[in-house]
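Participant: One file: work28.txt (compact mmCIF, C-alpha atoms).
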# COMPACT_ATOMS: atom_id res chain seq x y z
CA MET U 1 4.68 -28.51 -3.66
CA GLU U 2 4.19 -28.72 -7.41
CA GLN U 3 1.72 -25.83 -7.23
CA LYS U 4 4.30 -23.59 -5.55
CA ILE U 5 6.99 -24.40 -8.12
CA ASP U 6 4.66 -23.56 -11.00
CA ARG U 7 3.52 -20.38 -9.28
CA ARG U 8 7.05 -19.14 -8.69
CA ALA U 9 7.97 -19.86 -12.29
CA PHE U 10 4.93 -17.87 -13.32
CA ILE U 11 5.96 -14.88 -11.18
CA LYS U 12 9.48 -14.96 -12.57
CA ALA U 13 8.20 -15.21 -16.13
CA MET U 14 6.11 -12.07 -15.74
CA GLY U 15 9.27 -9.99 -15.54
CA ILE U 16 7.71 -7.37 -13.31
CA GLY U 17 10.87 -6.07 -11.65
CA ALA U 18 11.11 -2.32 -11.60
CA ALA U 19 14.76 -2.23 -12.63
CA GLY U 20 16.38 1.14 -12.36
CA ILE U 21 14.12 2.42 -9.60
CA THR U 22 16.23 4.26 -7.06
CA ALA U 23 15.93 2.73 -3.63
CA ALA U 24 15.58 4.39 -0.26
CA LEU U 25 16.82 2.62 2.84
CA LEU U 26 14.00 1.24 4.94
CA PHE U 27 13.46 -0.36 8.31
CA PRO U 28 11.25 -3.27 9.34
CA GLN U 29 8.37 -2.42 11.63
CA LYS U 30 6.82 -4.67 14.22
CA LYS U 31 3.20 -3.67 13.74
CA SER U 32 1.55 -2.04 10.74
CA ASN U 33 -0.24 0.51 12.89
CA SER U 34 2.84 1.58 14.85
CA CYS U 35 4.91 4.63 14.05
CA LEU U 36 8.42 3.46 14.81
CA LYS U 37 11.49 5.54 14.17
CA ASN U 38 13.59 4.55 11.21
CA GLU U 39 16.18 2.13 12.53
CA ASP U 40 18.80 3.41 10.10
CA HIS U 41 17.91 6.99 11.10
CA ASN U 42 17.37 8.07 7.50
CA GLU U 43 14.65 10.60 6.84
CA LEU U 44 12.10 10.15 4.08
CA ASN U 45 13.73 11.31 0.85
CA GLU U 46 10.96 13.12 -0.98
CA ASN U 47 13.17 13.62 -4.05
CA ILE U 48 13.10 9.90 -4.84
CA ARG U 49 10.27 9.30 -7.28
CA MET U 50 7.45 6.91 -6.54
CA PRO U 51 7.67 3.75 -8.70
CA LYS U 52 4.77 3.33 -11.12
CA ARG U 53 3.25 0.45 -13.01
CA ARG U 54 0.77 0.23 -15.84
CA LEU U 55 -2.82 -0.38 -14.73
CA GLY U 56 -3.51 -3.03 -17.34
CA LYS U 57 -5.45 -2.06 -20.43
CA THR U 58 -6.44 1.28 -18.90
CA GLU U 59 -2.86 2.31 -19.79
CA PHE U 60 -2.79 4.60 -16.74
CA GLU U 61 0.49 4.66 -14.82
CA VAL U 62 -0.32 4.21 -11.15
CA SER U 63 1.88 4.50 -8.07
CA LEU U 64 3.07 1.23 -6.59
CA LEU U 65 1.43 2.26 -3.33
CA ALA U 66 -2.26 3.18 -3.35
CA LEU U 67 -4.17 4.97 -0.60
CA GLY U 68 -7.09 3.00 0.81
CA GLY U 69 -10.30 4.70 1.88
CA GLN U 70 -10.77 2.62 5.02
CA GLY U 71 -8.88 3.06 8.28
CA ILE U 72 -8.86 6.66 9.47
CA MET U 73 -10.78 7.78 6.36
CA GLU U 74 -14.01 6.15 7.53
CA GLN U 75 -13.75 6.66 11.30
CA PRO U 76 -16.43 8.98 12.71
CA LYS U 77 -14.35 11.05 15.16
CA ARG U 78 -11.38 9.26 16.58
CA PHE U 79 -9.83 12.65 17.18
CA SER U 80 -11.27 16.10 17.83
CA THR U 81 -10.09 16.95 14.34
CA ASN U 82 -9.85 13.95 12.01
CA PRO U 83 -6.48 14.06 10.18
CA SER U 84 -7.80 12.42 7.00
CA VAL U 85 -7.48 15.49 4.79
CA ASN U 86 -3.87 16.04 5.86
CA ILE U 87 -3.05 12.38 5.27
CA ILE U 88 -4.57 12.43 1.78
CA ASN U 89 -2.71 15.60 0.84
CA ARG U 90 0.53 14.18 2.20
CA ALA U 91 0.09 10.95 0.23
CA ILE U 92 -0.41 12.89 -3.01
CA ASP U 93 2.58 15.10 -2.23
CA LEU U 94 4.70 11.95 -1.83
CA GLY U 95 3.67 10.56 -5.23
CA VAL U 96 0.63 8.41 -4.45
CA ASN U 97 -1.72 8.89 -7.40
CA TYR U 98 -4.25 6.08 -6.85
CA ILE U 99 -6.99 6.50 -4.25
CA ASP U 100 -9.54 3.77 -3.58
CA THR U 101 -12.76 4.21 -1.63
CA SER U 102 -16.39 3.07 -1.57
CA ALA U 103 -19.87 4.38 -0.90
CA LEU U 104 -20.00 1.76 1.84
CA TYR U 105 -16.99 2.94 3.85
CA GLY U 106 -18.22 4.80 6.90
CA GLY U 107 -21.63 5.21 5.27
CA GLY U 108 -20.12 7.64 2.75
CA LEU U 109 -17.84 9.38 5.25
CA SER U 110 -14.70 8.12 3.48
CA GLU U 111 -15.86 9.60 0.17
CA LYS U 112 -16.72 12.91 1.84
CA ARG U 113 -13.25 13.24 3.33
CA ILE U 114 -11.55 12.34 0.09
CA GLY U 115 -13.87 14.78 -1.67
CA LYS U 116 -12.52 17.65 0.43
CA VAL U 117 -9.15 17.06 -1.22
CA MET U 118 -10.50 16.19 -4.67
CA LYS U 119 -12.16 19.60 -4.79
CA ASN U 120 -8.72 21.08 -5.41
CA ARG U 121 -6.54 18.15 -6.51
CA ARG U 122 -8.79 15.99 -8.67
CA ASN U 123 -6.48 15.98 -11.70
CA GLU U 124 -3.56 14.59 -9.68
CA VAL U 125 -5.06 11.18 -8.94
CA PHE U 126 -6.72 8.15 -10.44
CA LEU U 127 -9.91 7.97 -8.36
CA ALA U 128 -11.66 4.65 -7.74
CA THR U 129 -14.86 3.98 -5.82
CA LYS U 130 -17.47 1.23 -5.71
CA THR U 131 -21.12 0.28 -5.78
CA HIS U 132 -22.30 -2.33 -3.29
CA ASP U 133 -25.73 -2.44 -4.94
CA ARG U 134 -26.17 -5.20 -7.51
CA THR U 135 -29.11 -3.58 -9.31
CA TYR U 136 -29.42 -1.06 -12.14
CA ASP U 137 -31.39 1.62 -10.29
CA GLY U 138 -29.49 1.18 -7.05
CA THR U 139 -26.13 1.55 -8.76
CA LEU U 140 -27.20 4.71 -10.58
CA ARG U 141 -28.32 6.22 -7.26
CA LEU U 142 -25.08 5.30 -5.53
CA ALA U 143 -22.99 6.72 -8.38
CA GLU U 144 -24.81 10.04 -8.13
CA GLN U 145 -24.23 10.15 -4.36
CA SER U 146 -20.56 9.25 -4.77
CA LEU U 147 -20.00 12.03 -7.30
CA GLU U 148 -21.51 14.54 -4.90
CA ARG U 149 -19.49 13.35 -1.91
CA LEU U 150 -16.26 13.14 -3.90
CA GLN U 151 -16.86 16.63 -5.34
CA THR U 152 -16.11 15.55 -8.89
CA ASP U 153 -17.92 15.17 -12.18
CA HIS U 154 -16.31 11.87 -13.09
CA ILE U 155 -14.89 8.70 -11.55
CA ASP U 156 -11.90 7.01 -13.15
CA LEU U 157 -12.77 3.50 -11.97
CA TYR U 158 -16.18 2.34 -10.79
CA GLN U 159 -16.11 -1.13 -9.27
CA ILE U 160 -18.73 -3.62 -8.22
CA HIS U 161 -18.01 -4.14 -4.55
CA ASN U 162 -17.18 -7.42 -2.80
CA ILE U 163 -18.47 -10.16 -5.07
CA ARG U 164 -18.85 -13.24 -2.86
CA LEU U 165 -21.49 -15.56 -4.29
CA GLN U 166 -22.80 -16.73 -7.64
CA ASP U 167 -26.02 -14.84 -6.84
CA ASP U 168 -23.98 -11.62 -6.73
CA LEU U 169 -22.79 -12.24 -10.28
CA ASP U 170 -26.18 -13.36 -11.55
CA THR U 171 -27.89 -10.21 -10.27
CA ALA U 172 -25.14 -7.86 -11.41
CA PHE U 173 -25.08 -9.38 -14.91
CA SER U 174 -28.87 -9.45 -15.31
CA LYS U 175 -30.90 -7.13 -17.54
CA ASN U 176 -31.63 -4.88 -14.55
CA GLY U 177 -28.25 -5.38 -12.93
CA ALA U 178 -25.37 -3.19 -11.87
CA ILE U 179 -23.21 -3.89 -14.93
CA ARG U 180 -25.79 -2.40 -17.27
CA ALA U 181 -25.89 0.73 -15.11
CA MET U 182 -22.10 0.95 -15.12
CA GLU U 183 -22.03 0.65 -18.91
CA ARG U 184 -24.53 3.50 -19.14
CA LEU U 185 -22.38 5.63 -16.82
CA ARG U 186 -19.34 4.86 -18.94
CA ASN U 187 -21.15 5.75 -22.17
CA GLU U 188 -22.19 9.07 -20.62
CA GLY U 189 -18.63 9.85 -19.54
CA VAL U 190 -19.42 9.70 -15.82
CA ILE U 191 -16.97 6.83 -15.31
CA ARG U 192 -14.01 5.74 -17.40
CA PHE U 193 -13.45 2.10 -16.45
CA ILE U 194 -15.34 -0.80 -14.87
CA GLY U 195 -13.86 -3.11 -12.25
CA ILE U 196 -14.74 -6.04 -10.03
CA THR U 197 -13.64 -6.60 -6.43
CA GLY U 198 -13.71 -9.41 -3.90
CA HIS U 199 -11.77 -11.07 -1.12
CA ARG U 200 -13.78 -14.14 -0.19
CA ASP U 201 -13.75 -16.67 -3.03
CA PRO U 202 -11.28 -16.60 -5.96
CA ASP U 203 -13.41 -19.04 -7.95
CA ILE U 204 -16.37 -16.66 -8.02
CA LEU U 205 -14.15 -13.81 -9.19
CA LEU U 206 -12.65 -16.09 -11.82
CA ARG U 207 -16.11 -16.78 -13.21
CA GLY U 208 -16.81 -13.06 -13.21
CA ILE U 209 -13.76 -12.02 -15.23
CA LYS U 210 -14.31 -14.88 -17.68
CA GLU U 211 -17.90 -13.78 -18.25
CA TYR U 212 -17.34 -10.03 -18.57
CA PRO U 213 -14.40 -7.92 -19.87
CA PHE U 214 -13.69 -5.97 -16.70
CA ASP U 215 -10.88 -3.43 -16.93
CA THR U 216 -9.56 -4.10 -13.43
CA ILE U 217 -9.76 -6.46 -10.50
CA LEU U 218 -9.25 -5.57 -6.83
CA MET U 219 -8.35 -8.82 -5.09
CA SER U 220 -6.84 -9.98 -1.83
CA LEU U 221 -3.18 -10.88 -1.81
CA ASN U 222 -0.88 -11.29 1.16
CA ALA U 223 1.84 -13.51 2.57
CA GLY U 224 -0.71 -15.97 3.93
CA ASP U 225 -2.83 -16.24 0.79
CA ILE U 226 -1.16 -19.35 -0.60
CA HIS U 227 -2.17 -21.47 2.40
CA TYR U 228 -5.96 -21.23 1.95
CA LYS U 229 -8.09 -20.67 -1.19
CA PRO U 230 -5.31 -18.73 -2.91
CA PHE U 231 -6.06 -15.77 -5.13
CA GLN U 232 -2.51 -15.76 -6.50
CA THR U 233 -2.81 -18.90 -8.66
CA GLU U 234 -5.49 -19.34 -11.34
CA LEU U 235 -7.29 -16.03 -10.72
CA LEU U 236 -4.14 -13.92 -10.91
CA LYS U 237 -2.90 -15.85 -13.96
CA THR U 238 -6.17 -15.27 -15.82
CA ALA U 239 -6.27 -11.58 -14.88
CA VAL U 240 -2.76 -11.14 -16.28
CA GLU U 241 -3.71 -12.97 -19.49
CA LYS U 242 -6.67 -10.61 -19.89
CA ASP U 243 -4.40 -7.59 -19.39
CA MET U 244 -6.45 -6.37 -16.45
CA GLY U 245 -5.27 -3.75 -14.02
CA ILE U 246 -4.60 -5.79 -10.87
CA ILE U 247 -4.96 -4.07 -7.52
CA ALA U 248 -3.93 -5.94 -4.39
CA MET U 249 -5.76 -5.52 -1.08
CA LYS U 250 -5.75 -7.15 2.36
CA VAL U 251 -1.96 -6.87 2.26
CA THR U 252 -1.89 -6.96 6.08
CA GLY U 253 -5.23 -8.72 6.57
CA LYS U 254 -6.30 -5.66 8.59
CA ASN U 255 -3.20 -6.18 10.73
CA ARG U 256 -4.03 -9.81 11.59
CA LEU U 257 -1.14 -10.95 9.43
CA PHE U 258 1.37 -9.52 11.90
CA ARG U 259 2.45 -11.63 14.88
CA ASP U 260 5.52 -11.77 17.07
CA ASP U 261 5.90 -15.46 16.20
CA GLY U 262 5.26 -14.92 12.50
CA LEU U 263 5.47 -12.12 9.97
CA ASN U 264 6.34 -8.87 11.77
CA SER U 265 7.67 -6.60 9.03
CA MET U 266 5.58 -4.27 6.89
CA ARG U 267 8.49 -4.16 4.48
CA ASP U 268 8.30 -7.93 3.95
CA ALA U 269 4.51 -7.79 3.68
CA LEU U 270 4.56 -5.19 0.93
CA HIS U 271 7.65 -6.42 -0.92
CA TYR U 272 6.07 -9.88 -1.00
CA VAL U 273 2.99 -8.47 -2.75
CA TYR U 274 5.04 -6.24 -5.05
CA SER U 275 6.83 -9.36 -6.30
CA PHE U 276 3.66 -10.46 -8.10
CA PRO U 277 2.38 -9.03 -11.42
CA ILE U 278 0.11 -6.46 -9.80
CA SER U 279 -0.29 -2.81 -10.71
CA THR U 280 -0.62 -1.36 -7.22
CA ALA U 281 -1.43 -2.33 -3.63
CA VAL U 282 -4.10 -0.56 -1.58
CA VAL U 283 -3.21 0.00 2.07
CA GLY U 284 -5.44 1.66 4.66
CA ILE U 285 -3.85 4.25 6.95
CA SER U 286 -4.48 5.07 10.59
CA ALA U 287 -1.80 7.73 11.14
CA MET U 288 0.33 10.18 9.18
CA CYS U 289 3.57 8.34 9.91
CA GLU U 290 2.19 5.18 8.31
CA ILE U 291 1.81 6.79 4.90
CA GLU U 292 5.41 7.98 5.12
CA GLN U 293 6.66 4.54 6.17
CA ASN U 294 4.73 2.82 3.39
CA VAL U 295 6.00 5.30 0.81
CA LYS U 296 9.54 4.43 1.90
CA ILE U 297 8.75 0.77 1.41
CA ALA U 298 7.38 1.33 -2.08
CA LYS U 299 10.36 3.46 -3.07
CA SER U 300 12.79 0.85 -1.78
CA PHE U 301 11.40 -1.93 -3.98
CA ARG U 302 13.70 -2.78 -6.88
CA ASN U 303 13.15 -6.31 -8.12
CA PRO U 304 10.83 -9.20 -7.25
CA LEU U 305 11.90 -11.29 -4.30
CA SER U 306 13.53 -14.60 -5.12
CA PRO U 307 11.36 -17.74 -5.03
CA GLU U 308 13.31 -18.80 -1.95
CA ARG U 309 12.60 -15.52 -0.14
CA ILE U 310 8.93 -15.70 -1.11
CA ALA U 311 8.74 -19.21 0.34
CA ASP U 312 10.45 -18.08 3.54
CA ILE U 313 7.92 -15.28 4.05
CA GLU U 314 5.02 -17.63 3.36
CA ASP U 315 6.36 -20.12 5.87
CA LEU U 316 6.22 -17.43 8.57
CA THR U 317 2.42 -17.35 8.28
CA LYS U 318 1.76 -21.06 7.76
CA HIS U 319 1.03 -21.90 11.40
CA TYR U 320 -1.74 -19.28 11.59
CA LYS U 321 -3.11 -19.51 8.06
CA GLU U 322 -6.74 -19.19 9.19
CA GLU U 323 -6.00 -15.91 10.93
CA ALA U 324 -4.05 -14.62 7.92
CA ASN U 325 -7.04 -15.49 5.70
CA TRP U 326 -9.84 -14.61 8.12
CA PHE U 327 -11.65 -12.47 5.52
CA LYS U 328 -12.14 -15.59 3.35
CA ILE U 329 -13.71 -17.44 6.24
CA GLU U 330 -15.78 -14.88 8.13
CA TRP U 331 -18.83 -13.32 6.48
CA TYR U 332 -17.28 -9.93 5.80
Can you give me the file's structure in the form of structure tokens?
Facilitator:
Amino acid sequence: MEQKIDRRAFIKAMGIGAAGITAALLFPQKKSNSCLKNEDHNELNENIRMPKRRLGKTEFEVSLLALGGQGIMEQPKRFSTNPSVNIINRAIDLGVNYIDTSALYGGGLSEKRIGKVMKNRRNEVFLATKTHDRTYDGTLRLAEQSLERLQTDHIDLYQIHNIRLQDDLDTAFSKNGAIRAMERLRNEGVIRFIGITGHRDPDILLRGIKEYPFDTILMSLNAGDIHYKPFQTELLKTAVEKDMGIIAMKVTGKNRLFRDDGLNSMRDALHYVYSFPISTAVVGISAMCEIEQNVKIAKSFRNPLSPERIADIEDLTKHYKEEANWFKIEWY
């Protein structure tokens, strides 16, 4: 209980409320991948501006909602014509200016689809991708492939993908490791910033950001996080102290967070995460209506939830904490 009190005080002390942001009315949805009609019958108001936050020491102002490169972006052919390009364009039109992908998603398919849009709209977004190779030569090869697929000559944020073990850090930080390759790419102007990502073990990520001055961290954060190996305590606190850009992921735990007898509102899921000192939250999309619903949610966020409301949302997931945190348990 003492840990929760300290954590809530920490959140409140950060002062991250986006006061003055105009709100749009929003409805709760039962499942994150459903396209329900707005219960208050209001249409998406495209004239309301997307809230933005500073991406740490990068100083870039990023949209509160970020577009994830998984979901429909990496699916081979779920439809005769994959709607990815239309979804990406729609997200940008609605004010989403942060797009996250990886060379690993769909074996490069996600980057290719995003690249079709970047060919014409590159200057409208902060583009982030990742290397899953821990070595110098492997990372240079992946970066070259990513540039080609993304149809760009530079990447805003290049991240080392899914750090899980101490061996991952040791290899990446070695003389012939990925970090040295990323520094070379940065010196040559191919990338602008260097980030670290992970969703399995907060202690490993904590060691990583203490050992190297990463610009950003992409870390898991959702309404079930506090119940098992939480990322929102020491890791988040240290990232804030280091003025890192903090990007939340696994907001819905790939939809496993939602249950009829637990958390069943995407609005609560996102507003919970937005109440922490993060810069943006990456959410994968499976249909056009989802990007519109999530944009409504981002635009409706005004101030951090109260400590009592945060506790209430966390309590909804307590009885299935393993399912809510499955990505910390399964080898993924």
Participant: Do a neighbour search on stretch 148-152 of chain U at 12 Å with only C-alpha atoms, toss out local chain neighbours closer than 5 positions, and write the hits as a ChimeraX atom specification.
Facilitator: /U:69,99-103,107-123,125,127-129,141-143,190-191
Participant: Tell me which of U:Lys321, U:Lys254, U:Arg302, U:Lys242 sits closest to U:Lys210, counting only C-alpha atoms.
Facilitator: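 Ranking U:Lys321, U:Lys254, U:Arg302, U:Lys242 by distance to U:Lys210, first place goes to U:Lys242.
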Participant: Could you jot down the atom CA of U:Thr317 to atom CA of U:Ile329 separation for me, Å, one decimal place?
Facilitator: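 Rounded to one decimal, the two atoms are 16.3 Å apart.
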Participant: Give me, please, the distance in Å between atom CA of U:Phe327 and atom CA of U:Arg134, quoted to one decimal.
Facilitator: 20.8 Å
Participant: One decimal, Å: what's the distance from atom CA of U:Asn264 over to atom CA of U:Pro76, could you say?
Facilitator: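 A separation of 28.9 Å between them.
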Participant: Residues near U:Asp137, anyone? I mean within 8 Å using only C-alpha atoms, not counting same-chain ones fewer than 4 positions away, as a PDB file with C-alpha atoms, in the coordinates of the input.
Facilitator:
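New file out.pdb:
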ATOM      1  CA  ARG U 141     -28.320   6.220  -7.260  1.00  0.00           C
ATOM      2  CA  ASN U 176     -31.630  -4.880 -14.550  1.00  0.00           C
ATOM      3  CA  ALA U 178     -25.370  -3.190 -11.870  1.00  0.00           C
ATOM      4  CA  ALA U 181     -25.890   0.730 -15.110  1.00  0.00           C
TER       5      ALA U 181
END
Participant: Skip U:Leu64 itself and residues of its chain fewer than 5 positions away, then list as a PyMOL selection string all residues within 12 Å of it, counting all atoms listed in the file.
Facilitator: chain U and resi 16-18+21+49-55+94-99+246-248+270-271+273-283+294-302
Participant: Go through U:Ser174, U:Arg164, U:Glu183, U:Lys250 one by one, measure the shortest atom-to-atom distance of each to U:Leu140 using only C-alpha atoms, and give the residue with the smallest value.
Facilitator: U:Glu183
Participant: Just want the 9 Å neighbourhood of U:Asp201, counted on only C-alpha atoms, with same-chain residues fewer than 2 positions away dropped. Output as a list of chain:residue names.
Facilitator: U:Ile163, U:Arg164, U:Leu165, U:Gly198, U:His199, U:Asp203, U:Ile204, U:Leu205, U:Leu206, U:Lys229, U:Pro230, U:Phe231, U:Lys328
Participant: Write a file of the selected residues as a JSON list (two decimals), keeping the file's coordinate frame, keeping C-alpha atoms.
Facilitator:
[["chain", "number", "residue", "atom", "x", "y", "z"],
["U", 163, "ILE", "CA", -18.47, -10.16, -5.07],
["U", 164, "ARG", "CA", -18.85, -13.24, -2.86],
["U", 165, "LEU", "CA", -21.49, -15.56, -4.29],
["U", 198, "GLY", "CA", -13.71, -9.41, -3.90],
["U", 199, "HIS", "CA", -11.77, -11.07, -1.12],
["U", 203, "ASP", "CA", -13.41, -19.04, -7.95],
["U", 204, "ILE", "CA", -16.37, -16.66, -8.02],
["U", 205, "LEU", "CA", -14.15, -13.81, -9.19],
["U", 206, "LEU", "CA", -12.65, -16.09, -11.82],
["U", 229, "LYS", "CA", -8.09, -20.67, -1.19],
["U", 230, "PRO", "CA", -5.31, -18.73, -2.91],
["U", 231, "PHE", "CA", -6.06, -15.77, -5.13],
["U", 328, "LYS", "CA", -12.14, -15.59, 3.35]]
Participant: Could you pull the residues within 12 Å of U:Gly138, counting only C-alpha atoms, minus those fewer than 5 positions along the same chain, as a PyMOL selection string?
Facilitator: chain U and resi 103+131-133+143-145+160+171-172+176-182
Participant: For stretch 228-244 of chain U, take all atoms listed in the file, fit an axis-aligned box around them, add 3 Å to each of the six sides, then output centre and edge lengths in Å rounded to one decimal, as AutoDock Vina command-line options.
Facilitator:
--center_x -5.3 --center_y -13.8 --center_z -9.0 --size_x 11.6 --size_y 20.9 --size_z 27.8
Participant: Looking at U:Ala324, U:Met244, U:Ala223, U:Leu185, which one is nearest to U:Tyr272, with distances taken over all atoms listed in the file?
Facilitator: U:Ala223
Participant: Of the residues U:Ser63, U:Gln159, U:Asn82, U:Asn45, which is the one nearest to U:Thr197, using only C-alpha atoms?
Facilitator: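 Looking only at the distances to U:Thr197, the closest residue turns out to be U:Gln159.
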Participant: Hey, which of U:Glu292, U:Asp225, U:Glu211, U:Glu323 ends up closest to U:Ala311? Count all atoms listed in the file.
Facilitator: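 When distances to U:Ala311 are compared using all atoms listed in the file, the smallest one comes from U:Asp225.
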Participant: Which one of U:Thr139, U:Ile209, U:Met288, U:Asp153 sits closest to U:Val85 if you count only C-alpha atoms?
Facilitator: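 Ranked by minimum distance to U:Val85, first place goes to U:Met288.
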